[in-house]
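> The structure is given below, and queries will be raised subsequently.
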Amino acid sequence: MATTAATRGFTTAPDEGPDTPTRPRRTRPGFGLIGPRRERHVLSPDQLEAMALPVGDDGVVVGMDEQGQSAVLGFSRPEPFDVVLIGGLWTAQALALRAAGTGARIAIETGRPRMWANLVQAAGGGQQCMTVFDVGRVPPQGPSVGSPVLVVRDCGMRPPRGRVSALPWQSVLTLLPYLSPAAPRLLEHAGLVGIQRVSPDEAKQIGRIMALRQEDITALPTIPDWVTLWCTRGSRQYVSLQATDPESGLLGAPRRVD
């Protein structure tokens, strides 16, 4: 970019004629011309506290926690982030739709493209924000801070190693309908694991891998279709994903099995 007078911290006056010399105007370096002088606005500490805003984490609202507060999951991160969801397609699609609503590009790697067709067509308000690829055919997405990417891997019980992995500003969400031989490897390397209703035997296996409490192992076979236990080896949180009216019209009612 060419260096101009403005970028050097000052601005010259426009020519008023051939004999009129230009005079440099006083500037504040980096901020342009000095504006009109006005009385400063000063608040007392009590007034300043009244202006506080409730700002939460930046990300996708994945539901409500047990205290009735919004649970937010940040898919767009400056470091690689792998998420595994042992659950239903409905939940994965709801998360993909909400991630697209935050401005992320969604790359869907799936062996059942028809199950995603309506969502892809409806998302983005006419702009292509979701793209479906065959298994093993996802090209490099070129993620950046201004254009983050979420790769959703809907590749069945034994997903192959993907050509596209988690990168800065590119998270990967792997959907497993049930526990499979590939699950232990995926769970051990995941930054976050979501678990929906599973069988008692599956709950025990997941409990060993994720170091769950016995009460969680007992609860997992009985939780409703819209509830997910999001956990790491050090923390856990039950979240209820209540669909909005547009989401319900597009995805239908919450369901664990498709």
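Chain lettering (A, B, ...) mirrors the order of the structure tokens, residue numbering begins at 1 for each chain separately, and ligand numbering begins at 1 in order of display.
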Taking only stretch 88-124 of chain A into account, list the residues labelled helix (DSSP H, G or I) by DSSP (computed from the backbone), as a list in words.

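Filtering stretch 88-124 of chain A down to helix (DSSP H, G or I) leaves Leu89, Trp90, Thr91, Ala92, Gln93, Ala94, Leu95, Ala96, Leu97, Arg98, Ala99, Ala100, Gly101, Arg114, Met115, Trp116, Ala117, Asn118, Leu119, Val120, Gln121 and Ala122 of chain A.
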
> Within 12 Å of A:Ala183, counting only C-alpha atoms, which residues qualify if same-chain residues fewer than 2 places away don't, as a list in words?

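In the requested form, the answer reads Val84, Leu85, Ile86, Gly156, Met157, Arg158, Pro159, Pro160, Thr174, Leu175, Leu176, Pro177, Tyr178, Leu179, Ser180, Pro181, Arg185, Leu186, Leu187, Glu188, His189, Ala190, Val193, Ile195, Glu202, Gln205, Ile206, Ile209 and Met210 of chain A.
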
> Could you jot down the atom CA of A:Arg236 to atom CA of A:Pro78 separation for me, Å, one decimal place?

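Spanning atom CA of A:Arg236 to atom CA of A:Pro78 is a straight-line distance of 23.2 Å.
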
> Pull the closest atom pair for each residue of stretch 135-203 of chain A that gets at most 7 Å from stretch 56-76 of chain A, along with the distance in Å to one decimal, counting only C-alpha atoms, ordering rows by chain and then ascending residue number, as JSON lines.


```
{"residue": "A:Pro148", "atom": "CA", "partner": "A:Ser76", "partner_atom": "CA", "distance": 5.9}
{"residue": "A:Trp169", "atom": "CA", "partner": "A:Ser76", "partner_atom": "CA", "distance": 5.3}
{"residue": "A:Gln170", "atom": "CA", "partner": "A:Ser76", "partner_atom": "CA", "distance": 6.7}
{"residue": "A:Ser171", "atom": "CA", "partner": "A:Phe75", "partner_atom": "CA", "distance": 5.9}
```

> Dump C-alpha atoms for the selected residues as an mmCIF file, in the first residue's frame?


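Output (selection.cif):
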```
data_model
loop_
_atom_site.group_PDB
_atom_site.id
_atom_site.type_symbol
_atom_site.label_atom_id
_atom_site.label_comp_id
_atom_site.auth_asym_id
_atom_site.auth_seq_id
_atom_site.Cartn_x
_atom_site.Cartn_y
_atom_site.Cartn_z
ATOM 1 C CA PRO A 148 -13.606 -20.119 10.063
ATOM 2 C CA TRP A 169 -9.808 -21.801 12.777
ATOM 3 C CA GLN A 170 -10.962 -25.194 11.474
ATOM 4 C CA SER A 171 -12.694 -27.520 13.930
#
```

> Please extract the residues of stretch 64-166 of chain A with a backbone DSSP assignment of strand (DSSP E or B) and present them as number ranges by chain.

A: 64, 70-73, 81-86, 105-110, 130-133, 144, 147, 149-154

> Do you have the atom CA of A:Pro143-atom CA of A:Thr244 distance handy?

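These two atoms are separated by 28.7 Å.
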
> Could you give me, as a VMD selection string, the residues within 6 Å of stretch 222-232 of chain A, counting only C-alpha atoms and dropping anything in the same chain fewer than 4 positions from it?

chain A and resid 192 to 197 236 to 241 254 to 256

> Determine the nearest neighbour of A:Gly249 from the options A:Arg163, A:Val145, A:Ala122, A:Arg233, counting only C-alpha atoms.

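Looking at the shortest contact to A:Gly249, the residue is A:Ala122.
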
> Using only C-alpha atoms, which residue out of A:Thr91, A:Thr110, A:Ser235, A:Asn118 lies closest to A:Leu212?

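Among A:Thr91, A:Thr110, A:Ser235, A:Asn118, it is A:Ser235 that comes nearest to A:Leu212.
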